[in-house]
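Novice: Below is the file work_30.cif, which contains mmCIF, C-alpha atoms.
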data_data
#
loop_
_atom_site.label_atom_id
_atom_site.label_comp_id
_atom_site.auth_asym_id
_atom_site.auth_seq_id
_atom_site.Cartn_x
_atom_site.Cartn_y
_atom_site.Cartn_z
CA MET A 1279 19.71 2.11 -6.00
CA LYS A 1280 21.59 4.05 -3.33
CA LYS A 1281 25.02 2.93 -2.20
CA TRP A 1282 25.11 1.25 1.21
CA ASN A 1283 26.97 4.15 2.84
CA ALA A 1284 24.38 6.60 1.51
CA LEU A 1285 21.46 4.87 3.22
CA PRO A 1286 19.96 6.39 6.37
CA ASP A 1287 21.50 4.99 9.55
CA PHE A 1288 18.40 3.06 10.63
CA LEU A 1289 18.71 0.93 7.48
CA LYS A 1290 22.42 0.19 7.84
CA VAL A 1291 22.00 -2.89 10.03
CA LYS A 1292 23.04 -6.47 9.33
CA GLU A 1293 19.44 -7.71 9.04
CA VAL A 1294 18.84 -5.27 6.19
CA GLU A 1295 22.23 -5.76 4.55
CA ALA A 1296 21.44 -9.34 3.55
CA TYR A 1297 18.42 -8.13 1.54
CA TYR A 1298 20.31 -5.12 0.20
CA VAL A 1299 22.95 -7.36 -1.40
CA LYS A 1300 20.32 -9.49 -3.15
CA ILE A 1301 18.33 -6.50 -4.40
CA LYS A 1302 21.49 -4.74 -5.59
CA ARG A 1303 22.33 -7.73 -7.79
CA LYS A 1304 18.95 -7.51 -9.52
CA GLY A 1305 19.69 -4.27 -11.35
CA PHE A 1306 18.06 -5.32 -14.63
CA SER A 1307 14.91 -6.49 -12.82
CA ARG A 1308 14.72 -3.15 -11.01
CA PHE A 1309 15.03 -1.26 -14.31
CA ILE A 1310 12.33 -3.36 -15.99
CA LYS A 1311 10.07 -3.02 -12.94
CA ARG A 1312 10.24 0.78 -13.05
CA ALA A 1313 9.80 0.92 -16.84
CA PHE A 1314 6.75 -1.36 -16.58
CA ASP A 1315 5.28 0.79 -13.79
CA LEU A 1316 5.64 3.99 -15.81
CA PHE A 1317 4.23 2.54 -19.03
CA VAL A 1318 1.22 0.82 -17.45
CA ALA A 1319 0.47 3.74 -15.10
CA PHE A 1320 0.47 6.17 -18.03
CA VAL A 1321 -1.86 3.93 -20.08
CA PHE A 1322 -4.17 3.44 -17.09
CA PHE A 1323 -4.21 7.19 -16.45
CA LEU A 1324 -5.36 7.87 -20.01
CA ILE A 1325 -8.04 5.15 -19.81
CA LEU A 1326 -9.27 6.11 -16.34
CA CYS A 1327 -9.32 9.90 -16.69
CA VAL A 1328 -13.07 10.06 -17.32
CA PRO A 1329 -14.02 7.44 -14.66
CA MET A 1330 -11.87 9.34 -12.16
CA LEU A 1331 -13.71 12.56 -12.94
CA ILE A 1332 -17.06 10.81 -12.43
CA ILE A 1333 -15.96 9.22 -9.15
CA GLY A 1334 -14.55 12.53 -7.97
CA PHE A 1335 -17.85 14.25 -8.74
CA LEU A 1336 -19.81 11.60 -6.81
CA VAL A 1337 -17.45 11.85 -3.82
CA LYS A 1338 -18.01 15.60 -3.75
CA VAL A 1339 -21.81 15.56 -4.03
CA THR A 1340 -22.43 12.69 -1.59
CA SER A 1341 -20.54 14.12 1.40
CA ARG A 1342 -18.86 17.30 2.59
CA GLY A 1343 -15.12 17.54 2.13
CA PRO A 1344 -12.39 17.30 -0.52
CA VAL A 1345 -12.40 14.77 -3.37
CA PHE A 1346 -9.03 13.30 -2.49
CA TYR A 1347 -7.59 12.14 0.79
CA CYS A 1348 -3.83 12.48 1.09
CA GLN A 1349 -2.15 10.74 4.02
CA LYS A 1350 1.54 10.85 4.86
CA ARG A 1351 3.16 7.43 4.44
CA ILE A 1352 6.72 6.13 4.59
CA GLY A 1353 8.27 5.08 1.30
CA ILE A 1354 11.61 4.00 -0.11
CA TYR A 1355 14.60 4.71 2.18
CA GLY A 1356 12.22 5.96 4.84
CA LYS A 1357 11.17 9.06 2.89
CA THR A 1358 7.75 10.54 3.63
CA PHE A 1359 5.28 11.02 0.79
CA GLY A 1360 1.58 11.70 0.41
CA ILE A 1361 -0.47 8.73 -0.78
CA PHE A 1362 -3.57 9.69 -2.79
CA LYS A 1363 -6.97 8.06 -2.49
CA PHE A 1364 -10.53 9.11 -3.20
CA ARG A 1365 -11.96 10.23 0.14
CA THR A 1366 -14.15 7.50 1.63
CA MET A 1367 -14.65 8.92 5.10
CA ILE A 1368 -16.12 12.05 6.64
CA LYS A 1369 -14.07 15.22 6.57
CA ASP A 1370 -11.18 15.21 9.10
CA ALA A 1371 -11.89 11.57 10.02
CA ASP A 1372 -8.28 11.04 11.11
CA LYS A 1373 -8.76 13.70 13.79
CA VAL A 1374 -11.73 11.94 15.40
CA GLY A 1375 -10.60 8.32 15.42
CA ASN A 1376 -7.83 5.76 14.97
CA LEU A 1377 -5.48 5.48 11.99
CA ILE A 1378 -6.70 1.92 11.49
CA THR A 1379 -10.15 1.71 9.93
CA SER A 1380 -12.42 -1.14 10.98
CA LYS A 1381 -14.92 -2.73 8.60
CA ASN A 1382 -17.95 -1.08 10.22
CA ASP A 1383 -16.27 2.25 11.01
CA SER A 1384 -18.97 4.88 11.41
CA ARG A 1385 -16.71 7.47 9.76
CA ILE A 1386 -17.02 5.77 6.34
CA THR A 1387 -19.49 7.49 4.03
CA GLY A 1388 -22.19 5.64 2.09
CA PHE A 1389 -20.43 6.05 -1.25
CA GLY A 1390 -17.14 5.44 0.53
CA LYS A 1391 -18.26 1.91 1.45
CA PHE A 1392 -18.75 1.15 -2.23
CA LEU A 1393 -15.36 2.61 -3.16
CA ARG A 1394 -13.61 0.59 -0.45
CA LYS A 1395 -15.37 -2.64 -1.39
CA THR A 1396 -14.43 -2.28 -5.05
CA LYS A 1397 -10.99 -0.77 -4.28
CA LEU A 1398 -11.85 2.12 -6.63
CA ASP A 1399 -10.71 4.51 -3.91
CA GLU A 1400 -7.11 3.53 -4.69
CA ILE A 1401 -7.15 4.51 -8.39
CA PRO A 1402 -5.47 7.91 -7.69
CA GLN A 1403 -2.35 6.02 -6.59
CA ILE A 1404 -1.55 5.92 -10.31
CA LEU A 1405 -0.32 9.47 -9.68
CA ASN A 1406 1.99 8.20 -6.93
CA ILE A 1407 3.44 5.63 -9.34
CA LEU A 1408 4.05 8.22 -12.05
CA ALA A 1409 5.70 10.48 -9.47
CA GLY A 1410 8.08 7.70 -8.43
CA ASP A 1411 6.72 7.32 -4.90
CA MET A 1412 5.20 3.88 -5.47
CA SER A 1413 5.19 0.78 -7.65
CA PHE A 1414 2.26 -1.38 -8.71
CA VAL A 1415 3.63 -4.26 -6.63
CA GLY A 1416 5.41 -3.91 -3.31
CA THR A 1417 4.91 -3.66 0.42
CA ARG A 1418 1.94 -1.46 1.30
CA PRO A 1419 3.27 1.83 2.74
CA GLU A 1420 2.61 2.45 6.43
CA VAL A 1421 2.34 5.61 8.49
CA SER A 1422 5.45 6.54 10.48
CA LYS A 1423 3.81 5.42 13.70
CA TYR A 1424 3.96 1.78 12.61
CA VAL A 1425 7.24 1.97 10.71
CA ASP A 1426 8.86 3.12 13.95
CA MET A 1427 7.80 -0.22 15.44
CA TYR A 1428 9.35 -2.35 12.67
CA THR A 1429 11.91 -4.96 13.63
CA PRO A 1430 15.37 -4.50 12.02
CA GLU A 1431 14.53 -7.13 9.39
CA MET A 1432 11.19 -5.50 8.51
CA ARG A 1433 13.05 -2.29 7.67
CA ALA A 1434 14.44 -4.08 4.59
CA THR A 1435 11.09 -3.50 2.87
CA LEU A 1436 12.06 0.19 2.71
CA LEU A 1437 14.82 -0.63 0.23
CA MET A 1438 12.21 -0.65 -2.55
CA ARG A 1439 9.25 1.49 -3.50
CA PRO A 1440 6.03 0.56 -1.68
CA GLY A 1441 3.25 -0.91 -3.78
CA VAL A 1442 -0.44 -0.65 -4.53
CA THR A 1443 -0.78 -4.40 -4.08
CA SER A 1444 1.21 -7.46 -3.02
CA THR A 1445 0.81 -11.11 -2.13
CA ALA A 1446 0.35 -10.03 1.50
CA SER A 1447 -2.38 -7.57 0.48
CA ILE A 1448 -4.26 -10.33 -1.33
CA LYS A 1449 -3.99 -12.91 1.46
CA TYR A 1450 -4.84 -10.38 4.18
CA ARG A 1451 -7.48 -8.47 2.26
CA ASP A 1452 -9.95 -9.04 5.08
CA GLU A 1453 -7.45 -8.70 7.91
CA ASN A 1454 -10.06 -7.35 10.34
CA ASP A 1455 -11.94 -10.65 10.08
CA MET A 1456 -8.78 -12.55 11.08
CA ILE A 1457 -8.61 -11.01 14.54
CA PRO A 1458 -9.79 -13.43 17.30
CA SER A 1459 -13.14 -12.47 18.84
CA ASP A 1460 -11.64 -12.72 22.33
CA ASN A 1461 -8.80 -10.31 21.48
CA THR A 1462 -8.14 -7.86 24.35
CA LEU A 1463 -5.34 -5.83 22.75
CA SER A 1464 -5.73 -2.29 21.46
CA GLU A 1465 -6.12 -1.81 17.70
CA ASP A 1466 -2.50 -0.70 17.35
CA GLU A 1467 -1.19 -3.63 19.42
CA THR A 1468 -3.36 -6.06 17.48
CA TYR A 1469 -2.17 -4.77 14.13
CA MET A 1470 1.52 -4.83 15.02
CA SER A 1471 1.53 -8.16 16.87
CA LEU A 1472 -1.02 -10.26 14.94
CA ILE A 1473 -1.22 -8.83 11.42
CA VAL A 1474 2.06 -7.14 10.45
CA PRO A 1475 4.43 -10.08 11.24
CA LYS A 1476 2.38 -12.41 9.03
CA LYS A 1477 2.22 -9.94 6.16
CA MET A 1478 5.90 -9.20 6.42
CA LYS A 1479 6.84 -12.83 5.75
CA TYR A 1480 5.41 -12.42 2.24
CA ASN A 1481 6.83 -8.91 1.81
CA LEU A 1482 10.37 -9.95 2.73
CA GLU A 1483 10.20 -13.00 0.49
CA TYR A 1484 9.18 -10.76 -2.41
CA LEU A 1485 12.34 -8.66 -2.02
CA THR A 1486 14.52 -11.59 -3.05
CA LYS A 1487 12.28 -12.94 -5.83
CA PHE A 1488 10.73 -9.94 -7.61
CA ASN A 1489 10.69 -9.87 -11.39
CA LEU A 1490 8.34 -8.69 -14.14
CA PHE A 1491 6.42 -11.95 -14.42
CA LEU A 1492 5.93 -12.21 -10.66
CA ASP A 1493 4.60 -8.64 -10.60
CA MET A 1494 2.20 -9.33 -13.46
CA GLY A 1495 0.99 -12.48 -11.71
CA ILE A 1496 0.32 -10.59 -8.47
CA MET A 1497 -1.55 -7.87 -10.37
CA PHE A 1498 -3.77 -10.45 -12.09
CA LYS A 1499 -4.42 -12.21 -8.78
CA THR A 1500 -5.37 -8.87 -7.24
CA PHE A 1501 -7.88 -8.21 -10.03
CA PHE A 1502 -9.48 -11.65 -9.75
CA SER A 1503 -9.59 -11.49 -5.95
CA MET A 1504 -11.57 -8.24 -6.26
CA PHE A 1505 -13.92 -9.86 -8.77
CA LYS A 1506 -14.53 -12.89 -6.55
CA ARG A 1507 -15.21 -10.76 -3.50
CA ASN A 1508 -17.64 -8.51 -5.31
CA LYS A 1509 -19.63 -11.53 -6.54
CA LYS A 1510 -20.34 -12.62 -2.95
#
Any chance you could put this one into structure tokens?
Specialist:
Amino acid sequence: MKKWNALPDFLKVKEVEAYYVKIKRKGFSRFIKRAFDLFVAFVFFLILCVPMLIIGFLVKVTSRGPVFYCQKRIGIYGKTFGIFKFRTMIKDADKVGNLITSKNDSRITGFGKFLRKTKLDEIPQILNILAGDMSFVGTRPEVSKYVDMYTPEMRATLLMRPGVTSTASIKYRDENDMIPSDNTLSEDETYMSLIVPKKMKYNLEYLTKFNLFLDMGIMFKTFFSMFKRNKK
């Protein structure tokens, strides 16, 4: 973990310092977390190589465009990285619409709907974990547009690697359905004022409590939440 003085200036605020001190003390937990991520990601990569090739082939033959979609996200210490997913939308979708994707977004392809529903589109993030950009469990990485709107306390989530899943991701899996029908705000305003603050309560709590068993529990809950949803 970087020394306090080596952090970028936007992180060196008192609201972040309180979390920094607690995370710094959990050196062994941080080591075990990274070792677990590398081991499990490598095993998953070996197991999922063939399924990934099949999914990639189906993405390619069912719609025009590349197999993977790589979007710039903000990771640990505010560094930018490219997050990998199987493409689920039409080619150049981000140039013809919002960054936030609604449930019935017309840009989503037919096969893309299946990938999103089953979360299979996120399998390539194993590569991000192996590269050190992400962890299995942690705050979902945002685009810079939204990170720029974080409160000082929310910036503390950038002290650790972002994750594929989290307690917030599980509880707000269907976040679009949680928006009031009479909402008059724009999609960006809605996301930052109604969704992000609620998710961040769980993300900030995780920073002070993370450990191997908590991570394993969140991963199992993520798997079962996917199974329950797909049975409906």
Novice: Report, in Å to a single decimal, how far apart atom CA of Gln1403 of chain A and atom CA of Glu1431 of chain A are.
Specialist: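 Atom CA of Glu1431 of chain A sits 26.7 Å away from atom CA of Gln1403 of chain A.
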Novice: Determine the residue membership of the PyMOL selection byres ((chain A and resi 1282) around 12) for the file above and supply it as number ranges by chain.
Specialist: A: 1279-1281, 1283-1292, 1294-1299, 1301-1302, 1355, 1437
Novice: Selection in question (the file shown): the PyMOL selection byres ((chain A and resi 1417) around 7). Which residues does it include, as a list in words?
Specialist: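 For this structure, the PyMOL selection byres ((chain A and resi 1417) around 7) captures Gly1416, Arg1418, Pro1419, Thr1435, Pro1440, Gly1441, Ser1444 and Asn1481 of chain A.
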Novice: When you count all atoms listed in the file, which of these residues is closest to Arg1312 of chain A: A:Lys1477, A:Phe1414, A:Leu1492, A:Phe1502?
Specialist: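 Residue with the minimum atom-to-atom distance to Arg1312 of chain A: A:Phe1414.
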Novice: For a cutoff of 10 Å around the file-coordinate point (18.5, -6.2, -8.4), which residues qualify once you count all atoms listed in the file? I'd like the result as a compact mmCIF listing (two decimals) with C-alpha atoms, in the coordinates of the input.
Specialist:
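File part-v7.txt, as written:
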# COMPACT_ATOMS: atom_id res chain seq x y z
CA MET A 1279 19.71 2.11 -6.00
CA TYR A 1298 20.31 -5.12 0.20
CA VAL A 1299 22.95 -7.36 -1.40
CA LYS A 1300 20.32 -9.49 -3.15
CA ILE A 1301 18.33 -6.50 -4.40
CA LYS A 1302 21.49 -4.74 -5.59
CA ARG A 1303 22.33 -7.73 -7.79
CA LYS A 1304 18.95 -7.51 -9.52
CA GLY A 1305 19.69 -4.27 -11.35
CA PHE A 1306 18.06 -5.32 -14.63
CA SER A 1307 14.91 -6.49 -12.82
CA ARG A 1308 14.72 -3.15 -11.01
CA PHE A 1309 15.03 -1.26 -14.31
CA LEU A 1485 12.34 -8.66 -2.02
CA THR A 1486 14.52 -11.59 -3.05
CA LYS A 1487 12.28 -12.94 -5.83
CA PHE A 1488 10.73 -9.94 -7.61
CA ASN A 1489 10.69 -9.87 -11.39
Novice: Let me know the residues the PyMOL selection byres ((chain A and resi 1350) around 12) catches in the file above, as a PyMOL selection string.
Specialist: chain A and resi 1347-1349+1351-1353+1356-1363+1372+1377+1411+1419-1423
Novice: How many Å lie between atom CA of Ile1368 of chain A and atom CA of Glu1465 of chain A, rounded to one decimal?
Specialist: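 Atom CA of Glu1465 of chain A lies 20.4 Å from atom CA of Ile1368 of chain A.
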Novice: Report, in Å with one decimal, the straight-line distance from atom CA of Leu1472 of chain A to atom CA of Val1425 of chain A.
Specialist: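 Separating atom CA of Leu1472 of chain A from atom CA of Val1425 of chain A is a distance of 15.4 Å.
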Novice: Counting only C-alpha atoms, figure out which residue out of A:Val1415, A:Phe1346, A:Thr1396, A:Glu1293 gets nearest to Phe1491 of chain A.
Specialist: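 So, comparing all the options, the nearest one is A:Val1415.
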